[in-house]
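File shown here: data_33.csv, holding CSV, C-alpha atoms and all ligand atoms.
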```
chain,number,residue,atom,x,y,z
A,13,MET,CA,9.4,63.5,-13.8
A,14,THR,CA,7.1,61.3,-11.6
A,15,ASN,CA,9.8,61.3,-8.9
A,16,THR,CA,9.9,65.1,-8.8
A,17,VAL,CA,6.1,65.2,-8.3
A,18,ASP,CA,6.2,62.6,-5.5
A,19,THR,CA,9.0,64.4,-3.7
A,20,SER,CA,7.3,67.8,-3.7
A,21,PHE,CA,4.1,66.2,-2.5
A,22,ASP,CA,5.9,64.6,0.5
A,23,ALA,CA,7.5,67.9,1.3
A,24,GLU,CA,4.1,69.6,1.3
A,25,VAL,CA,2.7,66.9,3.7
A,26,THR,CA,5.7,67.4,6.1
A,27,ALA,CA,5.3,71.1,6.0
A,28,LYS,CA,1.6,70.8,6.9
A,29,ALA,CA,2.3,68.6,9.9
A,30,ALA,CA,4.9,71.1,11.2
A,31,GLU,CA,2.4,74.0,11.0
A,32,SER,CA,-0.4,72.2,13.0
A,33,GLY,CA,1.4,72.6,16.3
A,34,ALA,CA,2.0,76.3,15.9
A,35,ASN,CA,-1.7,76.8,15.0
A,36,ALA,CA,-2.9,74.7,17.8
A,37,SER,CA,-0.9,76.7,20.3
A,38,ALA,CA,-2.1,80.0,18.9
A,39,ARG,CA,-5.8,78.9,18.9
A,40,PHE,CA,-5.6,77.6,22.5
A,41,GLN,CA,-4.0,80.9,23.7
A,42,GLU,CA,-6.8,82.9,21.9
A,43,ARG,CA,-9.4,80.8,23.6
A,44,MET,CA,-7.9,81.1,27.0
A,45,ALA,CA,-7.6,84.9,26.5
A,46,SER,CA,-11.3,85.1,25.6
A,47,VAL,CA,-12.3,83.5,28.9
A,48,GLY,CA,-10.0,85.8,30.8
A,49,GLY,CA,-7.2,83.3,31.4
A,50,ARG,CA,-8.1,80.3,33.5
A,51,SER,CA,-4.9,80.1,35.6
A,52,GLY,CA,-5.9,83.0,37.8
A,53,VAL,CA,-9.0,81.2,39.2
A,54,ILE,CA,-7.0,78.4,40.8
A,55,ASP,CA,-6.3,79.2,44.4
A,56,THR,CA,-2.8,79.3,46.0
A,57,ALA,CA,-3.4,76.4,48.3
A,58,ARG,CA,-4.3,74.1,45.4
A,59,VAL,CA,-1.4,75.3,43.2
A,60,ASP,CA,0.9,74.7,46.2
A,61,TYR,CA,-0.5,71.2,46.7
A,62,LEU,CA,-0.4,70.1,43.0
A,63,ALA,CA,2.9,71.7,42.0
A,64,THR,CA,4.6,70.2,45.1
A,65,LYS,CA,3.3,66.8,44.2
A,66,VAL,CA,4.4,67.1,40.5
A,67,VAL,CA,7.9,68.2,41.4
A,68,LYS,CA,8.2,65.5,44.0
A,69,ALA,CA,7.1,62.8,41.5
A,70,LEU,CA,9.7,63.9,39.1
A,71,ASN,CA,12.4,64.0,41.7
A,72,ASP,CA,11.4,60.5,42.9
A,73,ILE,CA,11.9,59.2,39.4
A,74,VAL,CA,15.4,60.7,39.1
A,75,ILE,CA,16.5,59.1,42.4
A,76,GLU,CA,14.8,55.7,42.0
A,77,ASP,CA,15.9,55.3,38.4
A,78,LYS,CA,19.3,57.0,38.8
A,79,VAL,CA,18.7,59.5,35.9
A,80,SER,CA,22.1,60.6,34.4
A,81,TYR,CA,23.1,64.1,33.3
A,82,GLU,CA,23.0,62.8,29.7
A,83,GLU,CA,19.3,61.9,30.2
A,84,TYR,CA,18.6,65.1,32.1
A,85,ASN,CA,20.0,67.2,29.3
A,86,ALA,CA,18.2,65.2,26.6
A,87,LEU,CA,15.0,65.9,28.6
A,88,LYS,CA,15.8,69.6,28.8
A,89,ALA,CA,16.5,69.8,25.1
A,90,TRP,CA,13.3,68.0,24.3
A,91,LEU,CA,11.1,70.1,26.5
A,92,ILE,CA,12.5,73.2,24.8
A,93,LYS,CA,11.7,71.7,21.4
A,94,VAL,CA,8.1,70.9,22.5
A,95,GLY,CA,7.7,74.6,23.0
A,96,THR,CA,9.4,75.8,19.8
A,97,ASP,CA,7.4,73.3,17.8
A,98,GLY,CA,4.2,74.5,19.4
A,99,GLU,CA,3.5,71.0,20.5
A,100,TRP,CA,2.4,71.5,24.1
A,101,PRO,CA,-1.3,71.1,23.1
A,102,LEU,CA,-0.5,68.0,21.2
A,103,PHE,CA,1.7,66.5,23.9
A,104,LEU,CA,-0.8,67.2,26.7
A,105,ASP,CA,-3.9,66.1,24.8
A,106,VAL,CA,-2.3,62.9,23.7
A,107,TRP,CA,-0.7,61.8,27.0
A,108,LEU,CA,-2.6,63.5,29.8
A,109,GLU,CA,-6.0,64.7,28.8
A,110,HIS,CA,-7.6,61.2,29.0
A,111,SER,CA,-7.1,61.2,32.8
A,112,VAL,CA,-8.5,64.7,33.2
A,113,GLU,CA,-11.5,63.7,31.1
A,114,GLU,CA,-12.0,60.5,33.3
A,115,VAL,CA,-12.2,62.7,36.4
A,116,ALA,CA,-14.3,65.4,34.9
A,117,ASN,CA,-17.0,63.0,33.5
A,118,ALA,CA,-17.1,60.3,36.2
A,119,HIS,CA,-20.5,61.5,37.4
A,120,ARG,CA,-22.3,61.3,34.1
A,121,GLU,CA,-25.1,58.9,33.5
A,122,GLY,CA,-25.6,59.8,29.9
A,123,SER,CA,-23.3,59.3,26.9
A,124,LYS,CA,-19.6,58.6,27.5
A,125,GLY,CA,-17.3,61.4,26.8
A,126,THR,CA,-13.6,61.3,25.7
A,127,ILE,CA,-10.9,63.8,25.0
A,128,GLU,CA,-11.3,66.9,22.9
A,129,GLY,CA,-7.7,66.9,21.4
A,130,PRO,CA,-6.0,70.0,20.0
A,131,TYR,CA,-8.2,70.7,16.9
A,132,TYR,CA,-11.6,71.9,18.0
A,133,LEU,CA,-12.9,75.2,16.7
A,134,SER,CA,-16.2,76.8,17.8
A,135,GLY,CA,-18.5,78.5,15.3
A,136,SER,CA,-18.6,75.9,12.5
A,137,PRO,CA,-21.3,76.4,9.8
A,138,GLU,CA,-24.9,75.5,10.9
A,139,LEU,CA,-26.4,72.9,8.5
A,140,GLY,CA,-29.9,72.5,9.8
A,141,TRP,CA,-31.0,69.1,11.1
A,142,ASN,CA,-29.8,67.1,8.1
A,143,GLY,CA,-27.2,69.0,6.1
A,144,THR,CA,-24.0,68.0,4.4
A,145,ILE,CA,-20.6,68.9,6.0
A,146,PRO,CA,-18.5,71.5,4.0
A,147,MET,CA,-16.1,69.6,1.8
A,148,ARG,CA,-14.1,70.0,-1.4
A,149,ASP,CA,-15.6,68.9,-4.7
A,150,ASP,CA,-13.0,66.2,-5.0
A,151,GLU,CA,-12.8,65.4,-1.3
A,152,PRO,CA,-11.4,61.8,-1.0
A,153,GLY,CA,-13.3,59.3,1.2
A,154,THR,CA,-16.3,57.0,1.5
A,155,PRO,CA,-19.7,58.8,1.9
A,156,MET,CA,-21.2,58.3,5.4
A,157,VAL,CA,-24.7,59.2,6.6
A,158,PHE,CA,-24.7,59.4,10.4
A,159,ALA,CA,-28.2,59.6,11.9
A,160,GLY,CA,-29.3,59.8,15.5
A,161,GLN,CA,-31.2,61.5,18.3
A,162,VAL,CA,-30.3,63.7,21.2
A,163,ARG,CA,-32.1,62.8,24.4
A,164,ALA,CA,-32.0,63.6,28.1
A,165,VAL,CA,-31.2,60.8,30.5
A,166,ASP,CA,-34.9,60.6,31.4
A,167,GLY,CA,-35.6,59.8,27.7
A,168,THR,CA,-37.0,63.2,26.6
A,169,PRO,CA,-36.0,64.0,23.0
A,170,LEU,CA,-34.1,67.3,22.9
A,171,SER,CA,-35.0,69.6,20.0
A,172,ASP,CA,-32.8,72.5,19.1
A,173,ALA,CA,-29.8,70.6,20.5
A,174,LYS,CA,-26.4,71.5,18.9
A,175,VAL,CA,-24.4,68.6,17.4
A,176,GLU,CA,-20.9,69.8,16.4
A,177,LEU,CA,-18.7,67.5,14.3
A,178,TRP,CA,-15.1,67.8,13.2
A,179,HIS,CA,-12.8,65.3,11.6
A,180,ALA,CA,-9.6,64.9,9.7
A,181,ASP,CA,-9.5,64.5,5.9
A,182,ASP,CA,-8.2,61.4,4.2
A,183,LEU,CA,-4.6,62.4,4.7
A,184,GLY,CA,-5.1,63.2,8.4
A,185,PHE,CA,-5.3,67.0,8.2
A,186,TYR,CA,-7.7,69.2,10.1
A,187,SER,CA,-8.8,72.5,8.5
A,188,GLN,CA,-7.4,75.7,9.9
A,189,PHE,CA,-4.5,73.7,11.4
A,190,ALA,CA,-3.0,72.3,8.3
A,191,PRO,CA,-2.7,75.0,5.5
A,192,GLY,CA,-4.3,74.8,2.1
A,193,LEU,CA,-7.8,73.5,3.2
A,194,PRO,CA,-11.0,75.5,2.9
A,195,GLU,CA,-11.7,77.3,6.2
A,196,TRP,CA,-14.5,75.0,7.5
A,197,ASN,CA,-13.5,71.8,5.6
A,198,LEU,CA,-15.1,68.8,7.4
A,199,ARG,CA,-16.5,70.9,10.3
A,200,GLY,CA,-20.2,71.5,10.8
A,201,THR,CA,-23.0,72.1,13.3
A,202,TRP,CA,-26.4,70.4,13.1
A,203,ILE,CA,-29.5,71.5,15.1
A,204,THR,CA,-31.8,68.7,16.1
A,205,ASN,CA,-35.4,68.8,14.8
A,206,ALA,CA,-38.7,68.6,16.8
A,207,ASP,CA,-38.0,64.9,17.5
A,208,GLY,CA,-34.5,65.6,18.7
A,209,ARG,CA,-33.2,64.0,15.5
A,210,PHE,CA,-30.2,64.8,13.3
A,211,GLU,CA,-28.8,63.4,10.1
A,212,ILE,CA,-25.2,64.1,9.2
A,213,HIS,CA,-23.9,63.7,5.7
A,214,SER,CA,-20.1,63.4,5.7
A,215,LEU,CA,-17.3,61.0,4.9
A,216,ARG,CA,-15.9,58.0,6.8
A,217,PRO,CA,-12.6,59.2,8.4
A,218,ALA,CA,-9.3,57.4,7.8
A,219,PRO,CA,-6.9,56.2,10.5
A,220,TYR,CA,-4.8,59.1,11.8
A,221,GLN,CA,-1.2,59.6,12.6
A,222,ILE,CA,-0.2,62.5,14.9
A,223,PRO,CA,2.5,64.8,13.4
A,224,THR,CA,5.8,62.8,13.3
A,225,ASP,CA,8.1,65.7,12.4
A,226,GLY,CA,8.1,67.6,15.6
A,227,ALA,CA,9.1,67.0,19.3
A,228,CYS,CA,6.2,64.5,19.9
A,229,GLY,CA,7.3,62.5,16.8
A,230,GLN,CA,10.9,62.6,18.1
A,231,LEU,CA,9.8,61.1,21.4
A,232,ILE,CA,7.7,58.4,19.7
A,233,ALA,CA,10.7,57.4,17.5
A,234,ALA,CA,13.2,57.5,20.4
A,235,ALA,CA,11.0,55.3,22.5
A,236,GLY,CA,10.0,52.9,19.7
A,237,TRP,CA,6.3,53.7,20.0
A,238,HIS,CA,3.9,54.3,17.1
A,239,ALA,CA,2.0,57.6,16.2
A,240,TRP,CA,-1.4,56.2,15.3
A,241,ARG,CA,-4.9,57.0,16.5
A,242,PRO,CA,-7.8,54.9,15.1
A,243,ALA,CA,-10.1,56.6,12.7
A,244,HIS,CA,-12.4,58.9,14.7
A,245,LEU,CA,-15.2,61.5,14.6
A,246,HIS,CA,-15.0,64.3,17.1
A,247,PHE,CA,-18.3,65.6,18.6
A,248,LYS,CA,-19.6,68.3,21.0
A,249,VAL,CA,-23.3,67.9,21.8
A,250,SER,CA,-25.2,70.5,23.9
A,251,ALA,CA,-28.6,71.7,24.7
A,252,PRO,CA,-29.8,74.5,27.1
A,253,GLY,CA,-30.1,73.2,30.7
A,254,TYR,CA,-27.9,70.1,29.9
A,255,GLU,CA,-24.2,69.4,30.4
A,256,LEU,CA,-22.3,69.7,27.1
A,257,ILE,CA,-20.6,66.4,26.2
A,258,THR,CA,-17.3,66.2,24.3
A,259,THR,CA,-16.7,62.8,22.8
A,260,GLN,CA,-15.3,60.8,19.8
A,261,LEU,CA,-16.7,57.8,18.0
A,262,TYR,CA,-14.7,54.9,16.4
A,263,PHE,CA,-15.1,52.2,13.8
A,264,PRO,CA,-14.9,48.4,14.6
A,265,GLY,CA,-11.9,46.6,13.0
A,266,ASP,CA,-9.5,49.6,13.1
A,267,PRO,CA,-6.0,48.2,13.8
A,268,HIS,CA,-5.4,50.9,16.4
A,269,ASN,CA,-8.7,50.7,18.5
A,270,ASP,CA,-6.7,48.7,21.1
A,271,ASP,CA,-3.5,50.8,21.2
A,272,ASP,CA,-4.6,54.4,20.5
A,273,ILE,CA,-1.6,56.6,21.2
A,274,ALA,CA,-4.1,59.1,23.0
A,275,SER,CA,-5.8,56.3,25.1
A,276,ALA,CA,-9.2,57.8,24.2
A,277,VAL,CA,-11.1,54.7,23.0
A,278,LYS,CA,-13.9,53.2,25.1
A,279,PRO,CA,-16.1,50.3,24.2
A,280,GLU,CA,-19.2,52.5,24.4
A,281,LEU,CA,-17.8,54.7,21.7
A,282,MET,CA,-17.7,52.0,19.0
A,283,LEU,CA,-20.0,52.6,16.0
A,284,ASP,CA,-21.7,49.8,14.0
A,285,PRO,CA,-21.6,51.0,10.4
A,286,ARG,CA,-23.5,49.1,7.7
A,287,ASP,CA,-23.3,49.4,3.9
A,288,ALA,CA,-25.8,51.9,2.4
A,289,PRO,CA,-28.6,50.2,0.5
A,290,ASN,CA,-27.8,52.2,-2.7
A,291,GLY,CA,-24.3,50.8,-2.5
A,292,GLU,CA,-22.8,54.3,-1.9
A,293,GLY,CA,-20.9,54.3,1.3
A,294,VAL,CA,-22.0,53.6,4.9
A,295,LEU,CA,-24.8,54.3,7.2
A,296,VAL,CA,-24.3,54.7,11.0
A,297,ASP,CA,-26.7,55.3,13.9
A,298,TYR,CA,-25.7,56.8,17.2
A,299,ASP,CA,-27.8,58.6,19.9
A,300,PHE,CA,-26.4,61.1,22.4
A,301,VAL,CA,-27.8,61.2,25.9
A,302,LEU,CA,-27.2,64.3,28.0
A,303,ASP,CA,-27.1,64.8,31.7
A,304,PRO,CA,-29.2,67.7,33.2
A,305,GLU,CA,-27.1,70.6,34.5
A,306,ALA,CA,-26.5,70.3,38.2
A,401,LIG,C1,-6.0,64.3,17.1
A,401,LIG,O1,-6.7,64.3,15.9
A,401,LIG,C2,-6.6,63.9,18.2
A,401,LIG,O2,-7.9,63.6,18.1
A,401,LIG,C3,-5.9,63.9,19.4
A,401,LIG,C4,-6.6,63.5,20.6
A,401,LIG,C5,-4.6,64.2,19.5
A,401,LIG,C6,-4.0,64.6,18.3
A,401,LIG,C7,-4.7,64.7,17.1
A,402,FE,FE,-8.7,64.0,16.1
```

Take the structure I supplied and represent it as structure tokens, if you would.
Ligand code: MBD
Ligand code: FE
Amino acid sequence: MTNTVDTSFDAEVTAKAAESGANASARFQERMASVGGRSGVIDTARVDYLATKVVKALNDIVIEDKVSYEEYNALKAWLIKVGTDGEWPLFLDVWLEHSVEEVANAHREGSKGTIEGPYYLSGSPELGWNGTIPMRDDEPGTPMVFAGQVRAVDGTPLSDAKVELWHADDLGFYSQFAPGLPEWNLRGTWITNADGRFEIHSLRPAPYQIPTDGACGQLIAAAGWHAWRPAHLHFKVSAPGYELITTQLYFPGDPHNDDDIASAVKPELMLDPRDAPNGEGVLVDYDFVLDPEA
């Protein structure tokens, strides 16, 4: 009897992982449609330059490494599977976005950014300056109070700044991407008070494995890699007149801080949690510093 229960649970977890890719693709396409489709704004000369360079880089690898037809066909089959599994957002965000982010944020003097990943949604519930994130009554995890201030690079506290947080549940699932979770589970928006302060009540996230049952998992297994990201909190912080920052924060001691599959950890993004004085969970402080808009 116990066996039967365990088996169905595993099947459910696998099914959830498979569905995340399809949802991530659909959500990305909706977002692109709502901004009028970005590809049309890149001019011909730039597309010519970049596409030529990408194609040449691939051809150079084939020649230099004497890629066989067997390897070429394995690649073709795998690329088709990335699409049918809906894992292009996952693949690109795990293995390429970190370089795009490095270029995009090189000019910033304020807080460090890092990649967004495939699971952001705009419009999460507003919770005042110090509210509790939406979660289930029996949500597993350690309580976490995350307090801080939003400031400009010149030190001015920014009131009415928006602090958006999203993170996975204890099993590594993001609401609206994995099925069976309340719509806005573990997603919320805080608005800073007159002193630029906010106080988030949530749970400490668990280490996270990217879905292993799709094309990305197949590549990871075939190459002998691992699928782990360290435990992380995703943020977008913004205020009128300042550049929005997309970032993530991490916890010291996580076994995957030094080998994040998504290469998105930076030393500046490490938190310093301490035990809460009441013995219930952890307290963390972190301030966000925004660059003025150019
Ligand atoms: C995630 O949760 C994530 O943050 C990234 C970057 C990629 C896949 C899943
Ligand atoms: Fe994530």

ask   = Which protein, DNA or RNA residues have an atom within 7 Å of ligand LIG 401 (chain A), counting all atoms listed in the file, as a PyMOL selection string?
value = chain A and resi 102+105-106+127-131+180+220+222+274

message = At a cut-off of 12 Å and counting all atoms listed in the file, what residues surround ligand FE 402 (chain A)? Please answer as a ChimeraX atom specification.
response = /A:102,105-106,126-133,177-181,184-187,189,198-199,217-223,240-247,259-262,272-274,276-277

query = From the set A:Asp271, A:Asp225, A:Asp172, A:Asp303, which residue has the shortest atom-to-atom contact distance to Glu99 (chain A), counting all atoms listed in the file?
reply = A:Asp225

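With CA of Ala227 (chain A) on one side and CA of Ala45 (chain A) on the other, the separation reads 25.5 Å.
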
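CA of Ala36 (chain A) sits 9.1 Å away from CA of Gln188 (chain A).
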
ask   = List as a list in words: which residues have an atom within 10 Å of (-26.6, 57.4, 20.2), counting only C-alpha atoms?
value = Ser123, Ala159, Gly160, Gln161, Val162, Arg163, Glu280, Leu281, Leu283, Val296, Asp297, Tyr298, Asp299, Phe300 and Val301 of chain A

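Within 8 Å of the point (-15.4, 57.4, 0.1) in file coordinates, and counting all atoms listed in the file, lie the residues Pro152, Gly153, Thr154, Pro155, Met156, Leu215, Arg216 and Gly293 of chain A.
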
task = Skip region 139-144 of chain A itself and residues of its chain fewer than 3 positions away, then list as a VMD selection string all residues within 12 Å of it, counting only C-alpha atoms.
result = chain A and resid 135 to 136 147 to 148 155 to 162 171 to 177 197 to 215

task = Point out the residue among A:Ser275, A:Thr168, A:Ser32, A:Asn290 with the least atom-to-atom distance to Tyr254 (chain A), counting all atoms listed in the file.
result =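 The closest residue to Tyr254 (chain A) is A:Thr168.
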
key: d(CA of Gly122 (chain A), CA of Leu302 (chain A)) in Å   = 5.1 Å

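Compared by their closest atoms to Val294 (chain A), and using all atoms listed in the file, the residues A:Trp237, A:Phe263, A:Trp100, A:Tyr84 rank with A:Phe263 nearest.
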
Using only C-alpha atoms, what does the table of region 149-267 of chain A residues within 12 Å of region 115-119 of chain A look like, with each row giving the shortest atom pair and its distance in Å to one decimal, sorted by chain and ascending number, as a tab-separated table?
```
residue	atom	partner	partner_atom	distance
A:Glu255	CA	A:Asn117	CA	10.1
A:Leu256	CA	A:Asn117	CA	10.7
A:Ile257	CA	A:Asn117	CA	8.8
A:Thr258	CA	A:Asn117	CA	9.7
A:Thr259	CA	A:Asn117	CA	10.7
```

request  = Return the single residue from A:Val249, A:Ile232, A:Pro285, A:Leu87 that is closest to Leu70 (chain A), with distances computed using all atoms listed in the file.
outcome  =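 Looking at the shortest contact to Leu70 (chain A), the residue is A:Leu87.
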
query = Within 10 Å of Ala34 (chain A), counting all atoms listed in the file, which residues qualify if same-chain residues fewer than 2 places away don't, as a PyMOL selection string?
reply = chain A and resi 29-32+36-39+95-101+189-190

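The nearest approach to Glu138 (chain A) among the residues A:Pro304, A:Trp196, A:Asp270, A:Glu76, with all atoms listed in the file taken into account, belongs to A:Trp196.
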